[in-house]
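Written below as structure tokens is the structure these notes are about.
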Amino acid sequence: MAEQAKVPAIRFAGFTDPWEQRKLGELFEESDERASDREILSVSVANGIYPASESDRETNPGASLANYKIVHFGDVVYNSMRMWQGAVDASRYDGIVSPAYVVARPNSEVYARFFARLLRQPMLLKQYQQVSQGNSKDTQVLKFDDFASIGISMPASENEQRRIGGFFDRLDSLITLHQRKYDKLVIFKKSMLEKMFPKDGESVPEIRFAGFTDPWEQRKLGELFEESDERASDREILSVSVANGIYPASESDRETNPGASLANYKIVHFGDVVYNSMRMWQGAVDASRYDGIVSPAYVVARPNSEVYARFFARLLRQPMLLKQYQQVSQGNSKDTQVLKFDDFASIGISMPASENEQRRIGGFFDRLDSLITLHQRKLELLQNIKKSLLDKMFV
């Protein structure tokens, strides 16, 4: 039976011809031009090719700079020791790279940005490892002659290559945009958390909403919260984590298996502050936006009428308080320390006397968190779309 023609699961309209089988050595030739007076480039698994000046790492080639290899726009460059991990890209820069990299110059049949994706396909990564020379992953090297021996499937039409390469370049730009927005918002939130709560020894924060001028007042947490020990077994199970605060356990990837102890679970009402008694010093505390039940290992602190809980969701995670939780916790080591409610209640905090100011601060951070979550979800969605399409748009 004749072999079925290879085509990807998804193609752009107008392209119907089967992809053709080629050897990489028919499409690329190794370049060994040398120079020392051009911009230094790096190649990584995560970021492809980028100017070394944009890296956090210090670039110090030393006396070997004269041996650096010239890279032209469109050249494919790979790390000969990390090719099996995907340390390869088609350059969008002119520059020079370390002699440890291989520079493969494409011929006229090749649209380099298409190959930037093709050469990272999982099937090819396995082949790089198979033909690399060396006794272990850490010492294996993919020389150009072995790279050249590998067979690939590609569109005969350079126009189809351009459509695919351009599509993924635009998708990557969109992913980068949301990544940058997300990163900026996270940094902005960190800055605002530092400036909208008083520093140690100060009575007012650096930044306040207009109309609020009174000094913040000093209170003990025991004046504002009382421990709740209501029990139930017939409500939604909640969890508390450092990263996500309080959330329904059903939304977790971990399987929830409380077993026979479910009857001892504690009731949580909307607005209750709940913390993990063994992880409070890490910030495992939140003000609940759910009604439900939590493990007996958690402490449920019910606020009085002076407290706007969403303000305390942030205040109780302030670094200055995390240190105090650790100081008053009972136990011989971090792994065994427990913060009981009586010790929690003994801690002094600064807070606005005005509940309206508490509401403004709590609402501000809730909206900021919603925006961060929005960009995080868009980022994850785009990354999943990219992964799916990389599977379906290549043979």
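Convention: chains lettered A, B, ... in structure tokens order; per-chain residue numbering from 1; ligands numbered from 1 as shown.
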Practice problem: List the neighbours of region 173-183 of chain A out to 8 Å using only C-alpha atoms; skip same-chain residues closer than 2 positions along the sequence, and give me the result as a ChimeraX atom specification. | Solution: /A:169-171,185-187,372,375-376,378-379,382-383
Could you turn the residues from that selection into a file that holds N, CA and C atoms, as a PDB file, in the first residue's frame?
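selection31.pdb was written with the following content:
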ATOM      1  N   ASP A 169       4.524  34.218  14.809  1.00  0.00           N
ATOM      2  CA  ASP A 169       5.175  35.449  15.272  1.00  0.00           C
ATOM      3  C   ASP A 169       4.143  36.404  15.877  1.00  0.00           C
ATOM      4  N   ARG A 170       2.982  36.540  15.224  1.00  0.00           N
ATOM      5  CA  ARG A 170       1.935  37.422  15.761  1.00  0.00           C
ATOM      6  C   ARG A 170       1.376  36.872  17.074  1.00  0.00           C
ATOM      7  N   LEU A 171       1.215  35.550  17.137  1.00  0.00           N
ATOM      8  CA  LEU A 171       0.721  34.930  18.367  1.00  0.00           C
ATOM      9  C   LEU A 171       1.719  35.131  19.504  1.00  0.00           C
ATOM     10  N   LEU A 185       1.645  44.677  36.273  1.00  0.00           N
ATOM     11  CA  LEU A 185       0.606  44.750  37.297  1.00  0.00           C
ATOM     12  C   LEU A 185       1.054  44.105  38.606  1.00  0.00           C
ATOM     13  N   VAL A 186       1.773  42.996  38.509  1.00  0.00           N
ATOM     14  CA  VAL A 186       2.282  42.326  39.708  1.00  0.00           C
ATOM     15  C   VAL A 186       3.271  43.242  40.443  1.00  0.00           C
ATOM     16  N   ILE A 187       4.146  43.893  39.671  1.00  0.00           N
ATOM     17  CA  ILE A 187       5.119  44.819  40.274  1.00  0.00           C
ATOM     18  C   ILE A 187       4.398  46.028  40.874  1.00  0.00           C
ATOM     19  N   ILE A 372      -5.132  41.470  37.312  1.00  0.00           N
ATOM     20  CA  ILE A 372      -3.993  40.546  37.227  1.00  0.00           C
ATOM     21  C   ILE A 372      -4.466  39.158  36.801  1.00  0.00           C
ATOM     22  N   HIS A 375      -5.374  39.036  33.011  1.00  0.00           N
ATOM     23  CA  HIS A 375      -4.223  38.908  32.114  1.00  0.00           C
ATOM     24  C   HIS A 375      -3.553  37.542  32.261  1.00  0.00           C
ATOM     25  N   GLN A 376      -3.562  37.011  33.477  1.00  0.00           N
ATOM     26  CA  GLN A 376      -2.987  35.681  33.687  1.00  0.00           C
ATOM     27  C   GLN A 376      -3.790  34.627  32.912  1.00  0.00           C
ATOM     28  N   LYS A 378      -5.749  35.180  30.244  1.00  0.00           N
ATOM     29  CA  LYS A 378      -5.545  35.399  28.810  1.00  0.00           C
ATOM     30  C   LYS A 378      -4.207  34.820  28.375  1.00  0.00           C
ATOM     31  N   LEU A 379      -3.194  35.023  29.215  1.00  0.00           N
ATOM     32  CA  LEU A 379      -1.862  34.498  28.917  1.00  0.00           C
ATOM     33  C   LEU A 379      -1.892  32.978  28.846  1.00  0.00           C
ATOM     34  N   LEU A 382      -3.761  31.853  25.669  1.00  0.00           N
ATOM     35  CA  LEU A 382      -2.953  32.008  24.461  1.00  0.00           C
ATOM     36  C   LEU A 382      -1.845  30.964  24.401  1.00  0.00           C
ATOM     37  N   GLN A 383      -1.236  30.662  25.545  1.00  0.00           N
ATOM     38  CA  GLN A 383      -0.181  29.640  25.575  1.00  0.00           C
ATOM     39  C   GLN A 383      -0.742  28.265  25.234  1.00  0.00           C
TER      40      GLN A 383
END
Practice problem: Identify, on the basis of only C-alpha atoms, every residue whose closest approach to Met280 (chain A) does not exceed 10 Å; exclude the query and any residue fewer than 2 positions from it along the same chain; express the result as a PyMOL selection string. | Solution: chain A and resi 241-242+274-278+282-285+298-299+316-317+321-323+325-326+329+337-339+344
Self-check item: DSSP-assigned helix (DSSP H, G or I) members of region 37-226 of chain A, reported as a ChimeraX atom specification
Solution: /A:52-54,62-67,83-85,112-118,122-131,144-148,158-195,221-224
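For the residues A:Val300, A:Arg360, A:Glu355, A:Val204, ranking by smallest atom-to-atom distance to Lys340 (chain A) using only C-alpha atoms places A:Val300 first.
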Practice problem: For each of A:Trp84, A:Phe73, A:Phe311, A:Phe212, take the minimum atom-to-atom distance to Lys137 (chain A), counting only C-alpha atoms, then give the residue where this is smallest. | Solution: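 For Lys137 (chain A), the nearest of the given residues is A:Trp84.
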Exercise. Please indicate the distance in Å from CA of Arg367 (chain A) to CA of Gln318 (chain A), rounded to one decimal place.
Key: 18.6 Å
Practice problem: Per DSSP on the backbone, filter region 336-366 of chain A down to the residues in strand (DSSP E or B) and report them as a PyMOL selection string. | Solution: chain A and resi 338+348-351
Exercise. Just give me the gap between CA of Glu39 (chain A) and CA of Ser55 (chain A) in Å, one decimal is fine.
Key: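 Computed distance, CA of Glu39 (chain A) to CA of Ser55 (chain A), equals 13.0 Å.
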Quiz prompt | Minimum-distance residue to Arg105 (chain A), chosen among A:Ser31, A:Ser233, A:Gln140, A:Asn159 (using only C-alpha atoms) | solution =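 That would be A:Ser31, the residue with the smallest distance to Arg105 (chain A).
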Practice problem: For each of A:Pro296, A:Gly25, A:Pro99, A:Pro352, take the minimum atom-to-atom distance to Asn79 (chain A), counting only C-alpha atoms, then give the residue where this is smallest. | Solution: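 Among the listed residues, the smallest separation from Asn79 (chain A) belongs to A:Pro99.
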For Asp75 (chain A), work out the shell of residues within 12 Å, counting only C-alpha atoms and skipping chain neighbours fewer than 3 positions away, then give it as a tab-separated table (two decimals) with all heavy atoms, in the first residue's frame.
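Result file is part_29.tsv:
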chain	number	residue	atom	x	y	z
A	27	LEU	N	18.87	22.11	3.02
A	27	LEU	CA	18.26	23.42	3.21
A	27	LEU	C	19.17	24.42	3.92
A	27	LEU	O	18.97	25.63	3.82
A	27	LEU	CB	16.97	23.27	4.02
A	27	LEU	CG	15.96	22.26	3.46
A	27	LEU	CD1	14.89	21.96	4.51
A	27	LEU	CD2	15.33	22.80	2.20
A	28	PHE	N	20.18	23.90	4.63
A	28	PHE	CA	21.08	24.76	5.41
A	28	PHE	C	22.53	24.36	5.15
A	28	PHE	O	22.83	23.19	4.90
A	28	PHE	CB	20.80	24.63	6.92
A	28	PHE	CG	19.44	25.09	7.34
A	28	PHE	CD1	18.36	24.19	7.37
A	28	PHE	CD2	19.22	26.40	7.72
A	28	PHE	CE1	17.10	24.61	7.76
A	28	PHE	CE2	17.96	26.83	8.12
A	28	PHE	CZ	16.90	25.93	8.13
A	29	GLU	N	23.40	25.34	5.26
A	29	GLU	CA	24.84	25.06	5.27
A	29	GLU	C	25.46	25.75	6.49
A	29	GLU	O	24.99	26.80	6.93
A	29	GLU	CB	25.51	25.53	4.00
A	29	GLU	CG	25.42	27.02	3.75
A	29	GLU	CD	26.13	27.43	2.46
A	29	GLU	OE1	26.37	26.55	1.60
A	29	GLU	OE2	26.41	28.63	2.32
A	30	GLU	N	26.47	25.11	7.06
A	30	GLU	CA	27.09	25.68	8.25
A	30	GLU	C	27.90	26.91	7.88
A	30	GLU	O	28.61	26.94	6.87
A	30	GLU	CB	27.99	24.66	8.94
A	30	GLU	CG	28.54	25.15	10.26
A	30	GLU	CD	29.28	24.09	11.05
A	30	GLU	OE1	29.61	23.03	10.46
A	30	GLU	OE2	29.52	24.31	12.25
A	31	SER	N	27.77	27.95	8.69
A	31	SER	CA	28.53	29.19	8.49
A	31	SER	C	29.55	29.32	9.61
A	31	SER	O	29.24	29.11	10.79
A	31	SER	CB	27.60	30.40	8.48
A	31	SER	OG	28.34	31.59	8.42
A	32	ASP	N	30.76	29.69	9.22
A	32	ASP	CA	31.84	29.80	10.22
A	32	ASP	C	32.53	31.16	10.14
A	32	ASP	O	33.69	31.30	10.53
A	32	ASP	CB	32.85	28.67	10.01
A	32	ASP	CG	33.68	28.40	11.26
A	32	ASP	OD1	33.12	28.47	12.37
A	32	ASP	OD2	34.89	28.14	11.13
A	49	ILE	N	16.60	33.46	20.30
A	49	ILE	CA	17.76	34.34	20.13
A	49	ILE	C	17.41	35.75	20.59
A	49	ILE	O	16.36	36.29	20.21
A	49	ILE	CB	18.20	34.37	18.65
A	49	ILE	CG1	18.67	32.97	18.21
A	49	ILE	CG2	19.32	35.38	18.44
A	49	ILE	CD1	19.00	32.87	16.73
A	69	LYS	N	31.16	33.80	16.30
A	69	LYS	CA	30.65	33.56	14.95
A	69	LYS	C	29.64	34.63	14.54
A	69	LYS	O	28.80	35.04	15.34
A	69	LYS	CB	29.98	32.18	14.89
A	69	LYS	CG	30.91	31.02	15.18
A	69	LYS	CD	30.14	29.69	15.14
A	69	LYS	CE	31.06	28.52	15.43
A	69	LYS	NZ	30.32	27.23	15.45
A	70	ILE	N	29.70	35.02	13.28
A	70	ILE	CA	28.79	36.03	12.75
A	70	ILE	C	27.41	35.41	12.49
A	70	ILE	O	27.30	34.31	11.95
A	70	ILE	CB	29.34	36.65	11.44
A	70	ILE	CG1	30.61	37.46	11.73
A	70	ILE	CG2	28.28	37.52	10.76
A	70	ILE	CD1	31.29	37.99	10.50
A	71	VAL	N	26.36	36.15	12.89
A	71	VAL	CA	24.98	35.75	12.63
A	71	VAL	C	24.31	36.84	11.81
A	71	VAL	O	24.36	38.02	12.18
A	71	VAL	CB	24.20	35.55	13.95
A	71	VAL	CG1	22.73	35.25	13.67
A	71	VAL	CG2	24.83	34.45	14.79
A	72	HIS	N	23.68	36.44	10.71
A	72	HIS	CA	22.89	37.38	9.91
A	72	HIS	C	21.41	37.15	10.18
A	72	HIS	O	21.00	36.06	10.59
A	72	HIS	CB	23.17	37.20	8.40
A	72	HIS	CG	24.58	37.54	8.01
A	72	HIS	ND1	25.13	38.79	8.20
A	72	HIS	CD2	25.56	36.78	7.45
A	72	HIS	CE1	26.36	38.80	7.75
A	72	HIS	NE2	26.66	37.58	7.29
A	78	TYR	N	21.80	27.37	16.89
A	78	TYR	CA	21.43	26.49	18.00
A	78	TYR	C	22.60	26.25	18.93
A	78	TYR	O	23.76	26.35	18.54
A	78	TYR	CB	20.84	25.17	17.48
A	78	TYR	CG	21.77	24.21	16.76
A	78	TYR	CD1	22.57	23.32	17.45
A	78	TYR	CD2	21.78	24.15	15.35
A	78	TYR	CE1	23.40	22.43	16.80
A	78	TYR	CE2	22.60	23.25	14.68
A	78	TYR	CZ	23.41	22.39	15.42
A	78	TYR	OH	24.23	21.49	14.76
A	88	VAL	N	17.13	26.59	20.07
A	88	VAL	CA	17.34	26.89	18.65
A	88	VAL	C	16.34	27.96	18.24
A	88	VAL	O	15.24	28.04	18.77
A	88	VAL	CB	17.16	25.61	17.79
A	88	VAL	CG1	15.76	25.00	17.99
A	88	VAL	CG2	17.39	25.91	16.31
A	89	ASP	N	16.76	28.81	17.29
A	89	ASP	CA	15.86	29.86	16.82
A	89	ASP	C	16.38	30.37	15.48
A	89	ASP	O	17.55	30.17	15.13
A	89	ASP	CB	15.80	31.00	17.84
A	89	ASP	CG	14.62	31.95	17.62
A	89	ASP	OD1	13.72	31.63	16.81
A	89	ASP	OD2	14.58	33.01	18.26
A	90	ALA	N	15.51	31.07	14.75
A	90	ALA	CA	15.90	31.80	13.54
A	90	ALA	C	16.09	33.26	13.96
A	90	ALA	O	15.17	33.88	14.49
A	90	ALA	CB	14.82	31.68	12.47
A	91	SER	N	17.27	33.79	13.71
A	91	SER	CA	17.61	35.09	14.26
A	91	SER	C	16.87	36.24	13.59
A	91	SER	O	16.72	36.28	12.36
A	91	SER	CB	19.12	35.33	14.14
A	91	SER	OG	19.47	36.55	14.77
A	92	ARG	N	16.43	37.19	14.42
A	92	ARG	CA	15.87	38.44	13.92
A	92	ARG	C	16.85	39.58	14.15
A	92	ARG	O	16.48	40.75	14.10
A	92	ARG	CB	14.53	38.72	14.61
A	92	ARG	CG	13.43	37.81	14.09
A	92	ARG	CD	12.10	38.07	14.74
A	92	ARG	NE	11.99	37.41	16.02
A	92	ARG	CZ	10.86	37.28	16.70
A	92	ARG	NH1	9.74	37.76	16.20
A	92	ARG	NH2	10.84	36.66	17.86
A	93	TYR	N	18.12	39.20	14.40
A	93	TYR	CA	19.16	40.19	14.66
A	93	TYR	C	20.40	39.86	13.83
A	93	TYR	O	20.63	38.71	13.46
A	93	TYR	CB	19.57	40.19	16.14
A	93	TYR	CG	18.42	40.34	17.10
A	93	TYR	CD1	17.78	39.21	17.62
A	93	TYR	CD2	17.97	41.59	17.51
A	93	TYR	CE1	16.72	39.34	18.52
A	93	TYR	CE2	16.92	41.73	18.40
A	93	TYR	CZ	16.30	40.60	18.90
A	93	TYR	OH	15.26	40.73	19.78
A	94	ASP	N	21.22	40.87	13.56
A	94	ASP	CA	22.59	40.68	13.10
A	94	ASP	C	23.47	40.77	14.34
A	94	ASP	O	23.25	41.61	15.21
A	94	ASP	CB	23.00	41.76	12.10
A	94	ASP	CG	22.24	41.66	10.78
A	94	ASP	OD1	22.05	40.52	10.30
A	94	ASP	OD2	21.83	42.70	10.25
A	95	GLY	N	24.49	39.91	14.41
A	95	GLY	CA	25.35	39.97	15.58
A	95	GLY	C	26.37	38.85	15.57
A	95	GLY	O	26.73	38.33	14.50
A	96	ILE	N	26.85	38.48	16.75
A	96	ILE	CA	27.81	37.39	16.89
A	96	ILE	C	27.39	36.50	18.06
A	96	ILE	O	26.73	36.96	18.99
A	96	ILE	CB	29.25	37.90	17.11
A	96	ILE	CG1	29.32	38.89	18.28
A	96	ILE	CG2	29.82	38.50	15.84
A	96	ILE	CD1	30.73	39.36	18.62
A	97	VAL	N	27.77	35.23	17.97
A	97	VAL	CA	27.45	34.28	19.03
A	97	VAL	C	28.70	33.51	19.43
A	97	VAL	O	29.67	33.42	18.68
A	97	VAL	CB	26.34	33.28	18.62
A	97	VAL	CG1	25.01	33.97	18.44
A	97	VAL	CG2	26.74	32.51	17.36
A	101	TYR	N	27.95	27.78	19.82
A	101	TYR	CA	26.74	27.69	19.02
A	101	TYR	C	27.08	27.29	17.59
A	101	TYR	O	28.19	27.55	17.09
A	101	TYR	CB	26.01	29.04	19.00
A	101	TYR	CG	25.49	29.51	20.34
A	101	TYR	CD1	25.81	30.77	20.83
A	101	TYR	CD2	24.66	28.69	21.11
A	101	TYR	CE1	25.32	31.20	22.06
A	101	TYR	CE2	24.18	29.12	22.33
A	101	TYR	CZ	24.51	30.38	22.80
A	101	TYR	OH	24.03	30.81	24.02
A	102	VAL	N	26.10	26.69	16.90
A	102	VAL	CA	26.21	26.37	15.48
A	102	VAL	C	25.34	27.35	14.70
A	102	VAL	O	24.18	27.57	15.06
A	102	VAL	CB	25.76	24.92	15.19
A	102	VAL	CG1	25.73	24.66	13.69
A	102	VAL	CG2	26.70	23.93	15.90
A	103	VAL	N	25.90	27.94	13.66
A	103	VAL	CA	25.16	28.87	12.79
A	103	VAL	C	24.87	28.14	11.48
A	103	VAL	O	25.78	27.72	10.76
A	103	VAL	CB	25.96	30.16	12.52
A	103	VAL	CG1	25.16	31.09	11.59
A	103	VAL	CG2	26.31	30.86	13.82
A	104	ALA	N	23.56	27.98	11.19
A	104	ALA	CA	23.13	27.28	9.97
A	104	ALA	C	22.46	28.30	9.05
A	104	ALA	O	21.42	28.86	9.40
A	104	ALA	CB	22.17	26.15	10.31
A	105	ARG	N	23.08	28.55	7.88
A	105	ARG	CA	22.56	29.57	6.95
A	105	ARG	C	21.60	28.91	5.97
A	105	ARG	O	21.95	27.94	5.29
A	105	ARG	CB	23.73	30.24	6.23
A	105	ARG	CG	23.33	31.45	5.41
A	105	ARG	CD	24.45	32.47	5.41
A	105	ARG	NE	24.69	33.01	6.75
A	105	ARG	CZ	25.85	33.55	7.14
A	105	ARG	NH1	26.87	33.61	6.31
A	105	ARG	NH2	25.98	34.01	8.36
A	106	PRO	N	20.37	29.42	5.88
A	106	PRO	CA	19.37	28.78	4.99
A	106	PRO	C	19.57	29.15	3.53
A	106	PRO	O	20.14	30.21	3.20
A	106	PRO	CB	18.04	29.35	5.51
A	106	PRO	CG	18.41	30.69	6.07
A	106	PRO	CD	19.80	30.55	6.63
A	107	ASN	N	19.08	28.27	2.64
A	107	ASN	CA	19.09	28.61	1.22
A	107	ASN	C	17.78	29.30	0.83
A	107	ASN	O	16.95	29.60	1.67
A	107	ASN	CB	19.37	27.36	0.37
A	107	ASN	CG	18.24	26.33	0.46
A	107	ASN	OD1	17.10	26.65	0.75
A	107	ASN	ND2	18.59	25.07	0.21
A	108	SER	N	17.59	29.49	-0.45
A	108	SER	CA	16.45	30.31	-0.92
A	108	SER	C	15.10	29.63	-0.73
A	108	SER	O	14.06	30.28	-0.84
A	108	SER	CB	16.65	30.67	-2.39
A	108	SER	OG	16.77	29.49	-3.18
A	110	VAL	N	13.98	28.38	2.00
A	110	VAL	CA	13.64	28.39	3.42
A	110	VAL	C	13.16	29.76	3.88
A	110	VAL	O	13.83	30.77	3.66
A	110	VAL	CB	14.88	27.97	4.25
A	110	VAL	CG1	14.62	28.17	5.74
A	110	VAL	CG2	15.26	26.52	3.96
A	111	TYR	N	11.98	29.78	4.54
A	111	TYR	CA	11.55	30.97	5.27
A	111	TYR	C	11.88	30.70	6.73
A	111	TYR	O	11.27	29.85	7.39
A	111	TYR	CB	10.06	31.26	5.08
A	111	TYR	CG	9.60	32.47	5.86
A	111	TYR	CD1	10.09	33.73	5.56
A	111	TYR	CD2	8.71	32.33	6.92
A	111	TYR	CE1	9.70	34.84	6.29
A	111	TYR	CE2	8.30	33.44	7.66
A	111	TYR	CZ	8.81	34.69	7.33
A	111	TYR	OH	8.42	35.78	8.06
A	112	ALA	N	12.84	31.44	7.24
A	112	ALA	CA	13.45	31.10	8.52
A	112	ALA	C	12.47	31.07	9.69
A	112	ALA	O	12.57	30.22	10.58
A	112	ALA	CB	14.59	32.08	8.82
A	113	ARG	N	11.48	31.98	9.71
A	113	ARG	CA	10.57	32.03	10.86
A	113	ARG	C	9.68	30.79	10.93
A	113	ARG	O	9.19	30.44	12.00
A	113	ARG	CB	9.72	33.31	10.81
A	113	ARG	CG	10.50	34.60	10.94
A	113	ARG	CD	11.43	34.62	12.14
A	113	ARG	NE	10.71	34.47	13.40
A	113	ARG	CZ	11.28	34.12	14.53
A	113	ARG	NH1	12.58	33.86	14.58
A	113	ARG	NH2	10.56	34.03	15.63
A	115	PHE	N	10.93	27.81	10.19
A	115	PHE	CA	11.84	26.84	10.78
A	115	PHE	C	12.11	27.13	12.25
A	115	PHE	O	12.47	26.21	13.01
A	115	PHE	CB	13.14	26.78	9.97
A	115	PHE	CG	13.03	25.88	8.78
A	115	PHE	CD1	12.47	26.33	7.60
A	115	PHE	CD2	13.43	24.56	8.85
A	115	PHE	CE1	12.33	25.49	6.51
A	115	PHE	CE2	13.30	23.70	7.76
A	115	PHE	CZ	12.75	24.17	6.59
A	116	ALA	N	11.90	28.36	12.68
A	116	ALA	CA	12.03	28.68	14.11
A	116	ALA	C	11.09	27.82	14.94
A	116	ALA	O	11.39	27.48	16.09
A	116	ALA	CB	11.74	30.16	14.35
Contacts between region 118-131 of chain A and region 138-164 of chain A, please, where a residue of region 138-164 of chain A counts if it comes within 10 Å (with only C-alpha atoms); show its shortest atom pair and distance in Å to one decimal, rows by chain and ascending number, as a tab-separated table.
residue	atom	partner	partner_atom	distance
A:Gln140	CA	A:Gln129	CA	7.7
A:Val141	CA	A:Gln129	CA	8.7
A:Leu142	CA	A:Tyr128	CA	6.8
A:Lys143	CA	A:Val131	CA	9.0
A:Asp145	CA	A:Val131	CA	9.8
A:Asp146	CA	A:Val131	CA	6.1
A:Phe147	CA	A:Tyr128	CA	7.1
A:Ser149	CA	A:Val131	CA	8.8
A:Ile150	CA	A:Gln127	CA	7.4
A:Gly151	CA	A:Leu124	CA	8.9
A:Ile152	CA	A:Leu124	CA	8.1
A:Ser153	CA	A:Leu118	CA	8.9
A:Met154	CA	A:Leu118	CA	8.5
Write the residues you've just listed into a file as a tab-separated table (two decimals), in the first residue's frame, and include all heavy atoms for each of them.
chain	number	residue	atom	x	y	z
A	140	GLN	N	26.36	15.53	25.64
A	140	GLN	CA	26.02	15.33	24.24
A	140	GLN	C	26.14	16.62	23.43
A	140	GLN	O	25.76	17.69	23.90
A	140	GLN	CB	24.59	14.79	24.12
A	140	GLN	CG	24.46	13.31	24.43
A	140	GLN	CD	23.05	12.81	24.26
A	140	GLN	OE1	22.10	13.55	24.47
A	140	GLN	NE2	22.88	11.56	23.90
A	141	VAL	N	26.67	16.49	22.21
A	141	VAL	CA	26.86	17.64	21.31
A	141	VAL	C	26.26	17.29	19.96
A	141	VAL	O	26.50	16.21	19.42
A	141	VAL	CB	28.36	17.98	21.15
A	141	VAL	CG1	28.55	19.06	20.10
A	141	VAL	CG2	28.96	18.40	22.48
A	142	LEU	N	25.45	18.20	19.41
A	142	LEU	CA	24.88	18.01	18.08
A	142	LEU	C	25.71	18.80	17.07
A	142	LEU	O	25.58	20.02	16.96
A	142	LEU	CB	23.42	18.47	18.03
A	142	LEU	CG	22.72	18.27	16.67
A	142	LEU	CD1	22.61	16.79	16.32
A	142	LEU	CD2	21.36	18.93	16.66
A	143	LYS	N	26.58	18.10	16.37
A	143	LYS	CA	27.40	18.74	15.34
A	143	LYS	C	26.55	19.00	14.09
A	143	LYS	O	25.52	18.36	13.88
A	143	LYS	CB	28.60	17.86	15.01
A	143	LYS	CG	29.55	17.69	16.20
A	143	LYS	CD	30.77	16.88	15.82
A	143	LYS	CE	31.74	16.77	17.00
A	143	LYS	NZ	32.94	15.98	16.68
A	145	ASP	N	26.99	18.26	10.95
A	145	ASP	CA	26.82	17.14	10.04
A	145	ASP	C	25.70	16.21	10.51
A	145	ASP	O	24.95	15.64	9.68
A	145	ASP	CB	28.12	16.34	9.92
A	145	ASP	CG	29.18	17.09	9.11
A	145	ASP	OD1	28.81	18.08	8.44
A	145	ASP	OD2	30.36	16.71	9.17
A	146	ASP	N	25.55	16.05	11.83
A	146	ASP	CA	24.47	15.21	12.36
A	146	ASP	C	23.13	15.94	12.26
A	146	ASP	O	22.10	15.31	11.95
A	146	ASP	CB	24.78	14.84	13.81
A	146	ASP	CG	26.05	14.00	13.92
A	146	ASP	OD1	26.20	13.06	13.13
A	146	ASP	OD2	26.89	14.32	14.78
A	147	PHE	N	23.14	17.23	12.49
A	147	PHE	CA	21.95	18.05	12.26
A	147	PHE	C	21.50	17.93	10.81
A	147	PHE	O	20.31	17.73	10.51
A	147	PHE	CB	22.28	19.51	12.62
A	147	PHE	CG	21.25	20.52	12.22
A	147	PHE	CD1	20.10	20.73	12.98
A	147	PHE	CD2	21.44	21.31	11.09
A	147	PHE	CE1	19.16	21.69	12.62
A	147	PHE	CE2	20.51	22.27	10.72
A	147	PHE	CZ	19.36	22.45	11.48
A	149	SER	N	21.81	15.57	8.76
A	149	SER	CA	21.33	14.23	8.37
A	149	SER	C	19.86	14.01	8.70
A	149	SER	O	19.26	13.03	8.25
A	149	SER	CB	22.17	13.16	9.07
A	149	SER	OG	21.86	13.13	10.47
A	150	ILE	N	19.26	14.90	9.48
A	150	ILE	CA	17.90	14.69	9.98
A	150	ILE	C	16.87	15.02	8.90
A	150	ILE	O	16.98	16.05	8.20
A	150	ILE	CB	17.65	15.54	11.25
A	150	ILE	CG1	18.51	15.00	12.40
A	150	ILE	CG2	16.18	15.55	11.63
A	150	ILE	CD1	18.51	15.86	13.63
A	151	GLY	N	15.86	14.17	8.76
A	151	GLY	CA	14.78	14.40	7.80
A	151	GLY	C	13.61	15.15	8.43
A	151	GLY	O	13.27	14.91	9.59
A	152	ILE	N	13.02	16.05	7.64
A	152	ILE	CA	11.88	16.83	8.13
A	152	ILE	C	10.79	16.87	7.04
A	152	ILE	O	11.04	16.57	5.87
A	152	ILE	CB	12.29	18.28	8.51
A	152	ILE	CG1	13.05	18.99	7.37
A	152	ILE	CG2	13.14	18.26	9.76
A	152	ILE	CD1	12.21	19.84	6.49
A	153	SER	N	9.57	17.25	7.47
A	153	SER	CA	8.48	17.51	6.53
A	153	SER	C	8.27	19.01	6.48
A	153	SER	O	8.23	19.67	7.53
A	153	SER	CB	7.19	16.83	6.99
A	153	SER	OG	7.30	15.44	6.90
A	154	MET	N	8.09	19.56	5.27
A	154	MET	CA	7.92	21.00	5.12
A	154	MET	C	7.05	21.30	3.91
A	154	MET	O	6.95	20.49	2.97
A	154	MET	CB	9.28	21.67	4.94
A	154	MET	CG	10.04	21.22	3.71
A	154	MET	SD	11.60	22.09	3.46
A	154	MET	CE	11.03	23.62	2.68
Quiz prompt | Best match for closeness to Gly201 (chain A) among A:Ala287, A:Val294, A:Met320, A:Met83, counting only C-alpha atoms | solution =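 Checking each of A:Ala287, A:Val294, A:Met320, A:Met83 against Gly201 (chain A), counting only C-alpha atoms, the winner is A:Met320.
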Exercise. Skip region 267-272 of chain A itself and residues of its chain fewer than 6 positions away, then list as a PyMOL selection string all residues within 6 Å of it, counting only C-alpha atoms.
Key: chain A and resi 230-231+287-293+301-302+309
